[in-house]
Structures are given as structure tokens and as C-alpha cells.
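S.K.: Sharing model_30.cif (mmCIF, C-alpha atoms) below.
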data_data
#
loop_
_atom_site.group_PDB
_atom_site.id
_atom_site.type_symbol
_atom_site.label_atom_id
_atom_site.label_comp_id
_atom_site.auth_asym_id
_atom_site.auth_seq_id
_atom_site.Cartn_x
_atom_site.Cartn_y
_atom_site.Cartn_z
ATOM 1 C CA MET C 217 -11.735 10.892 11.538
ATOM 2 C CA THR C 218 -14.436 9.165 13.576
ATOM 3 C CA SER C 219 -13.604 7.569 16.918
ATOM 4 C CA ILE C 220 -14.982 4.206 17.954
ATOM 5 C CA SER C 221 -14.998 2.426 21.295
ATOM 6 C CA LEU C 222 -13.574 -1.022 21.978
ATOM 7 C CA LYS C 223 -11.940 -3.032 24.738
ATOM 8 C CA ILE C 224 -8.397 -4.333 24.993
ATOM 9 C CA ASN C 225 -7.717 -6.772 27.819
ATOM 10 C CA ASP C 226 -11.012 -5.688 29.439
ATOM 11 C CA GLN C 227 -9.945 -2.033 29.405
ATOM 12 C CA ASP C 228 -12.062 0.541 27.546
ATOM 13 C CA THR C 229 -10.242 2.468 24.843
ATOM 14 C CA THR C 230 -10.897 4.376 21.640
ATOM 15 C CA ALA C 231 -9.534 4.086 18.117
ATOM 16 C CA GLN C 232 -9.926 5.763 14.776
ATOM 17 C CA ILE C 233 -11.808 4.085 11.939
ATOM 18 C CA GLY C 234 -9.245 2.641 9.549
ATOM 19 C CA GLU C 235 -6.656 1.816 12.199
ATOM 20 C CA THR C 236 -5.470 -1.738 12.681
ATOM 21 C CA ILE C 237 -5.523 -3.551 15.985
ATOM 22 C CA LEU C 238 -1.728 -3.319 16.050
ATOM 23 C CA ASP C 239 -1.906 0.464 15.624
ATOM 24 C CA VAL C 240 -4.017 0.664 18.769
ATOM 25 C CA LEU C 241 -1.844 -1.788 20.698
ATOM 26 C CA ARG C 242 1.296 0.167 19.884
ATOM 27 C CA ARG C 243 -0.327 3.427 20.927
ATOM 28 C CA GLN C 244 -1.359 1.770 24.193
ATOM 29 C CA GLN C 245 2.265 0.572 24.594
ATOM 30 C CA ILE C 246 1.177 -3.067 24.634
ATOM 31 C CA GLU C 247 4.169 -4.897 23.175
ATOM 32 C CA THR C 248 3.059 -7.291 20.474
ATOM 33 C CA PRO C 249 5.647 -9.433 18.659
ATOM 34 C CA THR C 250 5.981 -8.867 14.910
ATOM 35 C CA LEU C 251 8.415 -10.162 12.316
ATOM 36 C CA CYS C 252 6.808 -9.483 8.935
ATOM 37 C CA TRP C 253 5.276 -6.103 9.846
ATOM 38 C CA ASN C 254 6.814 -2.745 9.034
ATOM 39 C CA GLU C 255 5.062 0.575 9.462
ATOM 40 C CA HIS C 256 5.944 1.607 5.885
ATOM 41 C CA LEU C 257 5.037 -1.676 4.166
ATOM 42 C CA THR C 258 1.737 -3.337 3.281
ATOM 43 C CA PRO C 259 0.881 -6.079 5.839
ATOM 44 C CA VAL C 260 1.139 -9.555 4.319
ATOM 45 C CA ASN C 261 0.190 -11.640 7.386
ATOM 46 C CA ALA C 262 3.093 -14.017 6.837
ATOM 47 C CA CYS C 263 4.742 -14.571 10.218
ATOM 48 C CA ARG C 264 1.600 -14.976 12.356
ATOM 49 C CA VAL C 265 3.278 -14.013 15.634
ATOM 50 C CA CYS C 266 1.117 -10.915 16.108
ATOM 51 C CA MET C 267 -2.089 -12.948 16.463
ATOM 52 C CA VAL C 268 -4.569 -11.852 19.142
ATOM 53 C CA GLU C 269 -7.824 -13.260 20.423
ATOM 54 C CA LEU C 270 -11.021 -11.510 19.386
ATOM 55 C CA LYS C 271 -14.160 -12.306 21.330
ATOM 56 C CA GLY C 272 -16.685 -14.014 19.073
ATOM 57 C CA SER C 273 -14.107 -15.020 16.466
ATOM 58 C CA ARG C 274 -13.566 -18.719 15.778
ATOM 59 C CA VAL C 275 -9.882 -18.185 15.040
ATOM 60 C CA LEU C 276 -7.135 -15.867 16.211
ATOM 61 C CA VAL C 277 -6.782 -12.740 14.090
ATOM 62 C CA PRO C 278 -3.628 -10.987 12.820
ATOM 63 C CA SER C 279 -3.382 -7.659 14.608
ATOM 64 C CA CYS C 280 -1.158 -6.162 11.895
ATOM 65 C CA SER C 281 -3.909 -6.177 9.256
ATOM 66 C CA ARG C 282 -7.267 -6.574 11.021
ATOM 67 C CA ARG C 283 -9.053 -3.227 11.128
ATOM 68 C CA VAL C 284 -10.728 -2.153 14.331
ATOM 69 C CA GLU C 285 -14.498 -2.187 14.649
ATOM 70 C CA ALA C 286 -16.778 -0.676 17.255
ATOM 71 C CA GLY C 287 -17.428 -2.976 20.205
ATOM 72 C CA MET C 288 -14.450 -5.262 19.644
ATOM 73 C CA GLU C 289 -13.121 -7.106 22.694
ATOM 74 C CA ILE C 290 -9.471 -7.998 22.140
ATOM 75 C CA TYR C 291 -7.159 -10.094 24.318
ATOM 76 C CA THR C 292 -3.415 -10.053 23.712
ATOM 77 C CA GLU C 293 -1.919 -12.569 26.154
ATOM 78 C CA THR C 294 -4.408 -15.386 26.673
ATOM 79 C CA ALA C 295 -3.188 -18.973 26.948
ATOM 80 C CA ARG C 296 -4.413 -19.584 23.398
ATOM 81 C CA VAL C 297 -2.496 -16.588 22.059
ATOM 82 C CA ARG C 298 0.703 -17.477 23.895
ATOM 83 C CA GLU C 299 0.592 -21.084 22.704
ATOM 84 C CA ALA C 300 0.047 -20.014 19.089
ATOM 85 C CA ARG C 301 2.946 -17.566 19.219
ATOM 86 C CA ARG C 302 5.224 -20.067 20.929
ATOM 87 C CA THR C 303 4.485 -22.752 18.319
ATOM 88 C CA VAL C 304 5.216 -20.408 15.406
ATOM 89 C CA ILE C 305 8.477 -19.313 17.008
ATOM 90 C CA GLU C 306 9.498 -22.917 17.713
ATOM 91 C CA LEU C 307 8.867 -23.870 14.086
ATOM 92 C CA LEU C 308 11.023 -20.968 12.918
ATOM 93 C CA LEU C 309 13.811 -21.741 15.377
ATOM 94 C CA SER C 310 13.938 -25.367 14.222
ATOM 95 C CA THR C 311 13.961 -24.416 10.537
ATOM 96 C CA ILE C 312 16.413 -21.536 10.037
ATOM 97 C CA ASP C 313 19.698 -20.144 11.275
ATOM 98 C CA THR C 314 18.678 -17.610 13.931
ATOM 99 C CA SER C 315 22.159 -16.354 14.856
ATOM 100 C CA ALA C 316 21.406 -12.822 13.578
ATOM 101 C CA ALA C 317 17.670 -12.740 14.338
ATOM 102 C CA ALA C 318 17.733 -10.601 17.484
ATOM 103 C CA ASP C 319 13.979 -9.952 17.685
ATOM 104 C CA LEU C 320 13.085 -13.595 17.058
ATOM 105 C CA LEU C 321 15.439 -14.734 19.819
ATOM 106 C CA ARG C 322 13.974 -12.150 22.178
ATOM 107 C CA PHE C 323 10.448 -13.399 21.464
ATOM 108 C CA ALA C 324 11.637 -16.982 21.940
ATOM 109 C CA ALA C 325 12.855 -16.145 25.432
ATOM 110 C CA ARG C 326 9.650 -14.270 26.215
ATOM 111 C CA TYR C 327 7.429 -17.234 25.286
ATOM 112 C CA GLN C 328 9.849 -19.935 26.477
ATOM 113 C CA ALA C 329 9.997 -21.489 23.027
ATOM 114 C CA ASP C 330 11.644 -24.912 22.745
ATOM 115 C CA PRO C 331 12.971 -25.520 19.200
ATOM 116 C CA ASP C 332 13.813 -29.128 20.048
ATOM 117 C CA ARG C 333 10.111 -29.963 19.878
ATOM 118 C CA PHE C 334 10.377 -29.852 16.084
ATOM 119 C CA ALA C 335 14.043 -30.775 15.638
ATOM 120 C CA GLY C 336 14.871 -33.118 12.774
ATOM 121 C CA GLY C 337 12.286 -31.736 10.383
ATOM 122 C CA ALA C 338 12.783 -29.894 7.103
ATOM 123 C CA THR C 339 15.148 -26.933 7.139
ATOM 124 C CA MET C 340 15.657 -23.920 4.881
ATOM 125 C CA ALA C 341 19.399 -24.552 4.425
ATOM 126 C CA GLN C 342 20.739 -22.869 1.293
ATOM 127 C CA PRO C 343 24.228 -21.877 0.141
ATOM 128 C CA VAL C 344 25.317 -18.297 0.759
ATOM 129 C CA ARG C 345 24.905 -16.170 -2.362
ATOM 130 C CA ASP C 346 27.886 -13.875 -2.649
ATOM 131 C CA ASP C 347 27.679 -12.452 -6.159
ATOM 132 C CA ASN C 348 28.211 -8.724 -5.724
ATOM 133 C CA LEU C 349 30.401 -6.244 -3.864
ATOM 134 C CA LEU C 350 27.764 -4.639 -1.652
ATOM 135 C CA TYR C 351 25.729 -7.249 0.189
ATOM 136 C CA VAL C 352 25.381 -10.948 0.843
ATOM 137 C CA ARG C 353 22.272 -13.138 0.654
ATOM 138 C CA ASP C 354 22.192 -15.921 3.240
ATOM 139 C CA TYR C 355 18.775 -17.489 2.751
ATOM 140 C CA ALA C 356 19.431 -20.124 5.409
ATOM 141 C CA LYS C 357 18.271 -17.313 7.725
ATOM 142 C CA CYS C 358 15.181 -16.400 5.668
ATOM 143 C CA ILE C 359 11.722 -16.782 7.234
ATOM 144 C CA LEU C 360 9.824 -15.721 4.085
ATOM 145 C CA CYS C 361 8.379 -12.648 5.759
ATOM 146 C CA TYR C 362 8.001 -10.946 2.321
ATOM 147 C CA LYS C 363 9.341 -7.639 3.637
ATOM 148 C CA CYS C 364 12.191 -7.552 1.144
ATOM 149 C CA VAL C 365 9.756 -8.224 -1.709
ATOM 150 C CA GLU C 366 7.460 -5.447 -0.527
ATOM 151 C CA ALA C 367 10.340 -2.968 -0.152
ATOM 152 C CA CYS C 368 11.594 -3.809 -3.648
ATOM 153 C CA GLY C 369 8.102 -3.374 -5.090
ATOM 154 C CA THR C 370 5.333 -0.805 -4.917
ATOM 155 C CA ASP C 371 5.827 0.082 -1.244
ATOM 156 C CA ALA C 372 9.220 1.693 -1.782
ATOM 157 C CA GLN C 373 11.639 1.052 -4.638
ATOM 158 C CA PHE C 374 9.460 -0.001 -7.619
ATOM 159 C CA THR C 375 12.330 -2.142 -8.934
ATOM 160 C CA PHE C 376 10.660 -5.578 -8.693
ATOM 161 C CA ALA C 377 14.000 -7.384 -8.709
ATOM 162 C CA ILE C 378 12.906 -10.140 -6.299
ATOM 163 C CA ALA C 379 9.829 -12.232 -5.592
ATOM 164 C CA VAL C 380 8.858 -15.459 -3.847
ATOM 165 C CA ALA C 381 9.225 -18.532 -6.057
ATOM 166 C CA GLY C 382 8.286 -22.148 -5.404
ATOM 167 C CA ARG C 383 5.786 -23.660 -3.007
ATOM 168 C CA GLY C 384 5.838 -25.205 0.429
ATOM 169 C CA PHE C 385 9.336 -25.988 1.691
ATOM 170 C CA LYS C 386 10.674 -25.133 -1.770
ATOM 171 C CA ALA C 387 9.467 -21.538 -1.493
ATOM 172 C CA HIS C 388 12.335 -19.058 -1.555
ATOM 173 C CA ILE C 389 13.209 -15.480 -2.457
ATOM 174 C CA ASP C 390 14.231 -15.428 -6.102
ATOM 175 C CA THR C 391 15.612 -12.916 -8.600
ATOM 176 C CA GLY C 392 13.749 -14.566 -11.484
ATOM 177 C CA PHE C 393 15.121 -17.802 -12.887
ATOM 178 C CA ASP C 394 17.671 -17.644 -10.069
ATOM 179 C CA VAL C 395 19.981 -15.314 -11.982
ATOM 180 C CA PRO C 396 22.800 -13.396 -10.241
ATOM 181 C CA LEU C 397 21.892 -9.948 -8.970
ATOM 182 C CA ALA C 398 23.977 -8.315 -11.689
ATOM 183 C CA GLU C 399 21.676 -9.863 -14.299
ATOM 184 C CA SER C 400 18.495 -8.839 -12.473
ATOM 185 C CA PRO C 401 16.808 -5.399 -12.279
ATOM 186 C CA CYS C 402 18.431 -4.868 -8.850
ATOM 187 C CA VAL C 403 19.779 -1.327 -8.327
ATOM 188 C CA TYR C 404 21.596 -2.243 -5.077
ATOM 189 C CA CYS C 405 19.659 0.244 -2.971
ATOM 190 C CA GLY C 406 19.809 -2.161 -0.045
ATOM 191 C CA ASN C 407 16.267 -1.399 1.085
ATOM 192 C CA CYS C 408 15.696 -5.138 1.353
ATOM 193 C CA ILE C 409 18.544 -5.187 3.872
ATOM 194 C CA ALA C 410 16.926 -2.407 5.887
ATOM 195 C CA VAL C 411 13.719 -4.375 6.470
ATOM 196 C CA CYS C 412 15.108 -7.925 6.823
ATOM 197 C CA PRO C 413 14.459 -9.115 10.416
ATOM 198 C CA THR C 414 16.798 -12.107 10.491
ATOM 199 C CA GLY C 415 20.047 -11.154 8.746
ATOM 200 C CA ALA C 416 19.281 -13.131 5.599
ATOM 201 C CA LEU C 417 20.189 -9.969 3.695
ATOM 202 C CA VAL C 418 23.134 -8.085 5.094
ATOM 203 C CA GLY C 419 25.732 -5.554 3.992
ATOM 204 C CA ARG C 420 29.097 -7.042 3.007
ATOM 205 C CA THR C 421 31.029 -5.250 5.753
ATOM 206 C CA GLU C 422 28.714 -6.538 8.452
ATOM 207 C CA TRP C 423 28.704 -10.051 7.001
ATOM 208 C CA GLN C 424 32.488 -10.220 6.848
ATOM 209 C CA MET C 425 32.804 -8.913 10.410
ATOM 210 C CA ARG C 426 30.253 -11.442 11.672
ATOM 211 C CA GLN C 427 32.175 -14.230 9.941
ATOM 212 C CA ALA C 428 35.357 -13.046 11.669
ATOM 213 C CA ASN C 429 33.511 -12.637 14.977
ATOM 214 C CA THR C 430 34.462 -8.964 15.117
ATOM 215 C CA TRP C 431 30.942 -7.499 14.813
ATOM 216 C CA HIS C 432 30.203 -6.017 18.252
ATOM 217 C CA GLU C 433 27.008 -3.964 18.321
ATOM 218 C CA ALA C 434 27.469 -3.053 21.982
ATOM 219 C CA GLU C 435 30.669 -1.204 21.076
ATOM 220 C CA GLN C 436 29.157 0.709 18.161
ATOM 221 C CA THR C 437 28.150 4.350 18.344
ATOM 222 C CA GLN C 438 25.383 5.843 16.226
ATOM 223 C CA THR C 439 25.443 9.288 14.678
ATOM 224 C CA ASP C 440 22.677 10.871 12.617
ATOM 225 C CA THR C 441 23.723 13.095 9.742
ATOM 226 C CA THR C 442 22.632 14.174 6.267
ATOM 227 C CA CYS C 443 23.633 12.343 3.109
ATOM 228 C CA PRO C 444 26.272 14.392 1.194
ATOM 229 C CA TYR C 445 25.505 13.113 -2.292
ATOM 230 C CA CYS C 446 22.542 15.191 -3.522
ATOM 231 C CA GLY C 447 20.041 17.822 -2.481
ATOM 232 C CA VAL C 448 17.228 15.545 -1.337
ATOM 233 C CA GLY C 449 18.490 15.695 2.232
ATOM 234 C CA CYS C 450 18.160 12.047 3.254
ATOM 235 C CA GLU C 451 18.872 11.411 6.912
ATOM 236 C CA LEU C 452 21.614 8.858 7.540
ATOM 237 C CA ARG C 453 22.450 6.928 10.676
ATOM 238 C CA LEU C 454 26.112 5.946 10.830
ATOM 239 C CA TYR C 455 27.205 2.935 12.865
ATOM 240 C CA VAL C 456 30.824 3.349 13.939
ATOM 241 C CA GLN C 457 33.053 0.695 15.473
ATOM 242 C CA GLU C 458 36.726 1.260 16.258
ATOM 243 C CA ASN C 459 36.570 4.644 14.535
ATOM 244 C CA ARG C 460 35.306 3.168 11.260
ATOM 245 C CA ILE C 461 31.862 3.329 9.654
ATOM 246 C CA VAL C 462 30.625 -0.263 9.478
ATOM 247 C CA LYS C 463 27.006 0.275 8.426
ATOM 248 C CA VAL C 464 24.660 3.009 7.251
ATOM 249 C CA SER C 465 20.885 3.056 7.688
ATOM 250 C CA SER C 466 18.172 5.694 7.890
ATOM 251 C CA PRO C 467 15.751 6.226 10.791
ATOM 252 C CA SER C 468 12.285 4.862 10.188
ATOM 253 C CA SER C 469 10.891 8.117 11.593
ATOM 254 C CA SER C 470 12.600 10.258 8.942
ATOM 255 C CA PRO C 471 9.909 12.025 6.863
ATOM 256 C CA VAL C 472 12.279 12.135 3.886
ATOM 257 C CA THR C 473 13.427 8.527 3.679
ATOM 258 C CA ARG C 474 11.063 6.464 5.870
ATOM 259 C CA SER C 475 14.213 4.284 6.321
ATOM 260 C CA PHE C 476 14.730 3.772 2.563
ATOM 261 C CA LEU C 477 17.891 4.946 0.774
ATOM 262 C CA CYS C 478 19.623 4.737 -2.602
ATOM 263 C CA VAL C 479 22.816 2.811 -3.312
ATOM 264 C CA LYS C 480 25.046 5.838 -2.699
ATOM 265 C CA GLY C 481 23.466 6.765 0.607
ATOM 266 C CA ARG C 482 23.599 3.230 2.008
ATOM 267 C CA PHE C 483 26.894 1.959 0.630
ATOM 268 C CA GLY C 484 28.880 4.969 -0.562
ATOM 269 C CA TYR C 485 30.858 5.615 2.594
ATOM 270 C CA GLU C 486 34.133 3.799 1.934
ATOM 271 C CA TYR C 487 35.747 7.009 0.687
ATOM 272 C CA VAL C 488 35.750 8.282 4.261
ATOM 273 C CA HIS C 489 38.431 5.707 5.128
ATOM 274 C CA SER C 490 40.416 5.895 1.904
ATOM 275 C CA LYS C 491 44.178 6.084 2.390
ATOM 276 C CA ARG C 492 44.251 8.565 -0.483
ATOM 277 C CA ARG C 493 42.449 11.126 1.662
ATOM 278 C CA LYS C 494 45.321 13.168 3.130
ATOM 279 C CA TYR C 495 45.000 16.461 4.900
ATOM 280 C CA GLN C 496 48.054 18.679 4.767
ATOM 281 C CA VAL C 497 48.303 22.240 6.023
ATOM 282 C CA ASP C 498 51.068 24.128 4.314
ATOM 283 C CA THR C 499 52.825 26.761 6.434
ATOM 284 C CA PRO C 500 52.637 30.034 4.535
ATOM 285 C CA ALA C 501 55.940 31.637 3.698
ATOM 286 C CA VAL C 502 56.794 34.720 5.724
ATOM 287 C CA PRO C 503 56.938 37.632 3.340
ATOM 288 C CA THR C 504 60.075 39.733 3.433
ATOM 289 C CA THR C 505 59.833 43.468 3.885
ATOM 290 C CA ALA C 506 62.048 45.909 2.015
ATOM 291 C CA GLY C 507 64.456 47.717 4.321
ATOM 292 C CA THR C 508 64.759 44.978 6.920
ATOM 293 C CA SER C 509 67.986 43.238 7.761
ATOM 294 C CA GLU C 510 66.793 40.098 5.926
ATOM 295 C CA ALA C 511 66.343 42.087 2.737
ATOM 296 C CA THR C 512 69.683 43.910 2.952
#
Represent the supplied structure as C-alpha cells.

M.R.:
Amino acid sequence: MTSISLKINDQDTTAQIGETILDVLRRQQIETPTLCWNEHLTPVNACRVCMVELKGSRVLVPSCSRRVEAGMEIYTETARVREARRTVIELLLSTIDTSAAADLLRFAARYQADPDRFAGGATMAQPVRDDNLLYVRDYAKCILCYKCVEACGTDAQFTFAIAVAGRGFKAHIDTGFDVPLAESPCVYCGNCIAVCPTGALVGRTEWQMRQANTWHEAEQTQTDTTCPYCGVGCELRLYVQENRIVKVSSPSSSPVTRSFLCVKGRFGYEYVHSKRRKYQVDTPAVPTTAGTSEAT
């Protein structure tokens, strides 16, 4: 690959042709907020919080999809950039339920976002969709980042069970004619859950524990292991709270899964806690020996 020279925050650096601005920023350890970006998904430029200033450009550019060019001069924290990011975050905070959106709340604190500036406007309130045994869809938390659609489509699963329907404030994630998941092509892999940044899609166990206020991430331990179901060798990450598995994911860095799993790998762990699983060690009988007092 051919290297090119550019500047980031007035510092000379190099990049490879074909890289995005965000690729370079991450390699330089310059933290740039993202909500709709995932390293294994096609950038869709939906959230607009990764915008940076490019010298000579009339508008801010999305770092997640803009390819680097020789001689670029990029600025990541100018007043214009910070104001744009803060406004986007404020609009999101005033529109959706952010109670499970950890990254969004962290960015809000970083840019001192004030959601009250846009309070009283349209909201994305929708009823919770609880139509299957594995996960819950709470679209009141959805920011329309498209990551679930991408993961369900050509970037990972090739199931095409969901898409964005409607326009404007009526836009929403849809299964096609708003049918229940059981009537859609969904295979319950849960890869949409893995990429959702706001908790709009969440495993049933986690959702129930959050509703009961018993979901405590700080108390959870994580253990990496290998999925026991087949010979592919998918890497699993088990989240354990109070000696029970409460969630399963896969590391994004895994070369086998790239964070994506099948339904068995992500949800097939309840057997571990089944009351029917009993371990009993039988004490072997002591054999008698001819000629001993016990035998006579």
C-alpha cells in the first residue's frame, strides 16, 4: 500500500491510501465519538457525531467514511466541531430514552450537552415489542443508526429481516409490514443486539434485570471461552453476575466471529443453570476377597 502525508491538528502524520479519517484518528489514539460506526459494518453516516473540520471544505466531513487524501489538514476539536457534536447529542437526548445508552451519555458529559434546549419537541416514543423468548425491542431508545439493519444484511447475517421504514419522525426499524418477529425471516442470531449502541435491542435476561433494577455491570465478571455447540470454534464472552450467566457476546477482535454469533452461541446458555443438571459421584463398592474374614 502507498503512504500519503497529511496533518491532523497541525501535526504531520502518514496514512495508507484507502483508509478513512477515522482509521487514522484511532491509530493516533485521538478519541472521536461515534454511534453508528462499527469496524465490521459499512459506514452509513447516520449519527453525525464523528464530524471533523477539513481545511478548504465548506462543510464538516464524516470521519467514519471520508477517505484520506494527500495534503489534508484535519482538525478534530475546533469550536465548530464541538458545537456540531453537542447539537446532535442534544437532539438525541431530547428525543429518545437514553437510560441504557452509555456511550451517548459519556459524549453528552464530554461536550456539556443540554437536552433541555430542545425539550418539548417530537419524541420517538413507541411501545415495547415483546413478541419472542430471546430478546426485546424497545424502539423508544432507537436513534436510527442503521447498525442493526447492516448486521442483519450483507455485512454479516444475510437474513434481511429488518429495514428502516417511514420518513422523517415516522421513520422506524421495521420487520416488513410490522409483523411479529416469528413471522419475519429473523433467525434470532441476536447480531442486531450486539451492535445496538443504545439498548433498543437487548437480550431478554438483561431487559428483565434492568426492569427489576438488578442489572449491575460493575459487579459482573467476564470470561472468554469457546462455544461448545459445533466445530467452528466461535469465541464467547460470558458475563456473570451472582454466579449466573446473564449475557453472552463475542469479542470484536475475534478473527472467527468478528463479534457475530448464531442463536445457539448467543442465547443457548440456560442449560448451564438447569435444575435438572445434577452431579453425583457414586462410591464404588469395596470388592470382597475370598479367604478374608468378611467372606467366611

S.K.: Compare C:Cys443, C:Val411, C:Ile246, C:Ile237 by their minimum atom-to-atom distance to Lys480 (chain C), counting all atoms listed in the file, and give me the closest one.

M.R.: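 Ranking C:Cys443, C:Val411, C:Ile246, C:Ile237 by distance to Lys480 (chain C), first place goes to C:Cys443.
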
S.K.: Please identify all polymer residues lying at most 9 Å from the point (20.7, -10.5, -7.3) (file coordinates), using only C-alpha atoms, and present the result as a list in words.

M.R.: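 Residues found, by chain and rising number: Arg345, Asp347, Asn348, Arg353, Ala377, Ile378, Asp390, Thr391, Asp394, Val395, Pro396, Leu397, Ala398, Glu399, Ser400, Pro401, Cys402 and Tyr404 of chain C.
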
S.K.: Which residues match the PyMOL selection byres ((chain C and resi 314) around 12) in the file above, as a PyMOL selection string?

M.R.: chain C and resi 305-313+315-324+331+340-341+354-359+413-416

S.K.: If the PyMOL selection byres ((chain C and resi 431-437) around 7) were run on this exact file, what residues would it hold? Put them as a PyMOL selection string.

M.R.: chain C and resi 422+425-426+429-430+438-439+455-457

S.K.: List the neighbours of Gln373 (chain C) out to 8 Å using all atoms listed in the file; skip same-chain residues closer than 5 positions along the sequence, and give me the result as a ChimeraX atom specification.

M.R.: /C:367-368,407

S.K.: Between C:Leu477, C:Leu238, C:Ala262, C:Ala372, which residue has the minimum interatomic distance to Arg453 (chain C), considering only C-alpha atoms?

M.R.: C:Leu477

S.K.: Name the closest residue to Val240 (chain C) among the candidates C:Ile389, C:Ile290, C:Cys446, C:Val277; distances are taken between atoms, counting only C-alpha atoms.

M.R.: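 The closest residue to Val240 (chain C) is C:Ile290.
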
S.K.: Report, in Å with one decimal, the straight-line distance from CA of Ala300 (chain C) to CA of Met267 (chain C).

M.R.: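 These atoms are spaced 7.8 Å apart.
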
S.K.: What's the separation between CA of Gln424 (chain C) and CA of Pro467 (chain C), in Å to one decimal place?

M.R.: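 Rounded to one decimal, the two atoms are 23.8 Å apart.
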
S.K.: Quick one: residues within 7 Å of Val268 (chain C), only C-alpha atoms counted, chain neighbours fewer than 5 positions away excluded, as a VMD selection string?

M.R.: chain C and resid 276 to 279 290 to 292 297

S.K.: Hey, what's within 6 Å of Cys450 (chain C) if we count all atoms listed in the file and toss same-chain stuff fewer than 4 positions away? As JSON, numbers by chain, please?

M.R.: {"C": [442, 443, 472, 473]}

S.K.: Which one of C:Asn261, C:Leu454, C:Asp371, C:Leu360 sits closest to Phe385 (chain C) if you count all atoms listed in the file?

M.R.: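 Result for the nearest residue to Phe385 (chain C): C:Leu360.
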
S.K.: With all atoms listed in the file as the atoms that count, which of C:Glu247, C:Asp440, C:Asp332, C:Glu486 lies nearest to Arg460 (chain C)?

M.R.: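 Nearest candidate to Arg460 (chain C) out of C:Glu247, C:Asp440, C:Asp332, C:Glu486: C:Glu486.
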
S.K.: Any idea what's packed within 10 Å of Cys280 (chain C), counting all atoms listed in the file, ignoring anything in its chain fewer than 6 positions away? Could you give it as a list in words?

M.R.: Glu235, Thr236, Ile237, Leu238, Asp239, Leu241, Thr248, Thr250, Cys252, Trp253, Asn254, Glu255, Thr258, Pro259, Val260, Asn261, Arg264, Val265, Cys266, Met267 and Val268 of chain C

S.K.: Could those selected residues go to a file with C-alpha atoms, as a compact mmCIF listing (two decimals), in the frame of the given file?

M.R.:
# COMPACT_ATOMS: atom_id res chain seq x y z
CA GLU C 235 -6.66 1.82 12.20
CA THR C 236 -5.47 -1.74 12.68
CA ILE C 237 -5.52 -3.55 15.98
CA LEU C 238 -1.73 -3.32 16.05
CA ASP C 239 -1.91 0.46 15.62
CA LEU C 241 -1.84 -1.79 20.70
CA THR C 248 3.06 -7.29 20.47
CA THR C 250 5.98 -8.87 14.91
CA CYS C 252 6.81 -9.48 8.94
CA TRP C 253 5.28 -6.10 9.85
CA ASN C 254 6.81 -2.74 9.03
CA GLU C 255 5.06 0.57 9.46
CA THR C 258 1.74 -3.34 3.28
CA PRO C 259 0.88 -6.08 5.84
CA VAL C 260 1.14 -9.56 4.32
CA ASN C 261 0.19 -11.64 7.39
CA ARG C 264 1.60 -14.98 12.36
CA VAL C 265 3.28 -14.01 15.63
CA CYS C 266 1.12 -10.92 16.11
CA MET C 267 -2.09 -12.95 16.46
CA VAL C 268 -4.57 -11.85 19.14

S.K.: Identify which of the residues C:Tyr362, C:Phe374, C:Phe393, C:Tyr445 lies closest to Cys263 (chain C), counting all atoms listed in the file when measuring atom-to-atom distances.

M.R.: C:Tyr362

S.K.: Output the residue selection produced by the PyMOL selection byres ((chain C and resi 489) around 12) on the file above, formatted as number ranges by chain.

M.R.: C: 456, 459-462, 484-488, 490-494

S.K.: Using all atoms listed in the file, determine which residues lie at most 7 Å from Ile220 (chain C), disregarding the query and same-chain residues fewer than 3 positions distant; provide the list as a list of chain:residue names.

M.R.: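 My list of contacting residues is C:Thr230, C:Ala231, C:Gln232, C:Ile233, C:Ala286.
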
S.K.: To one decimal place, how far is CA of Cys405 (chain C) from CA of Leu350 (chain C) in Å?

M.R.: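 So the answer is 9.6 Å.
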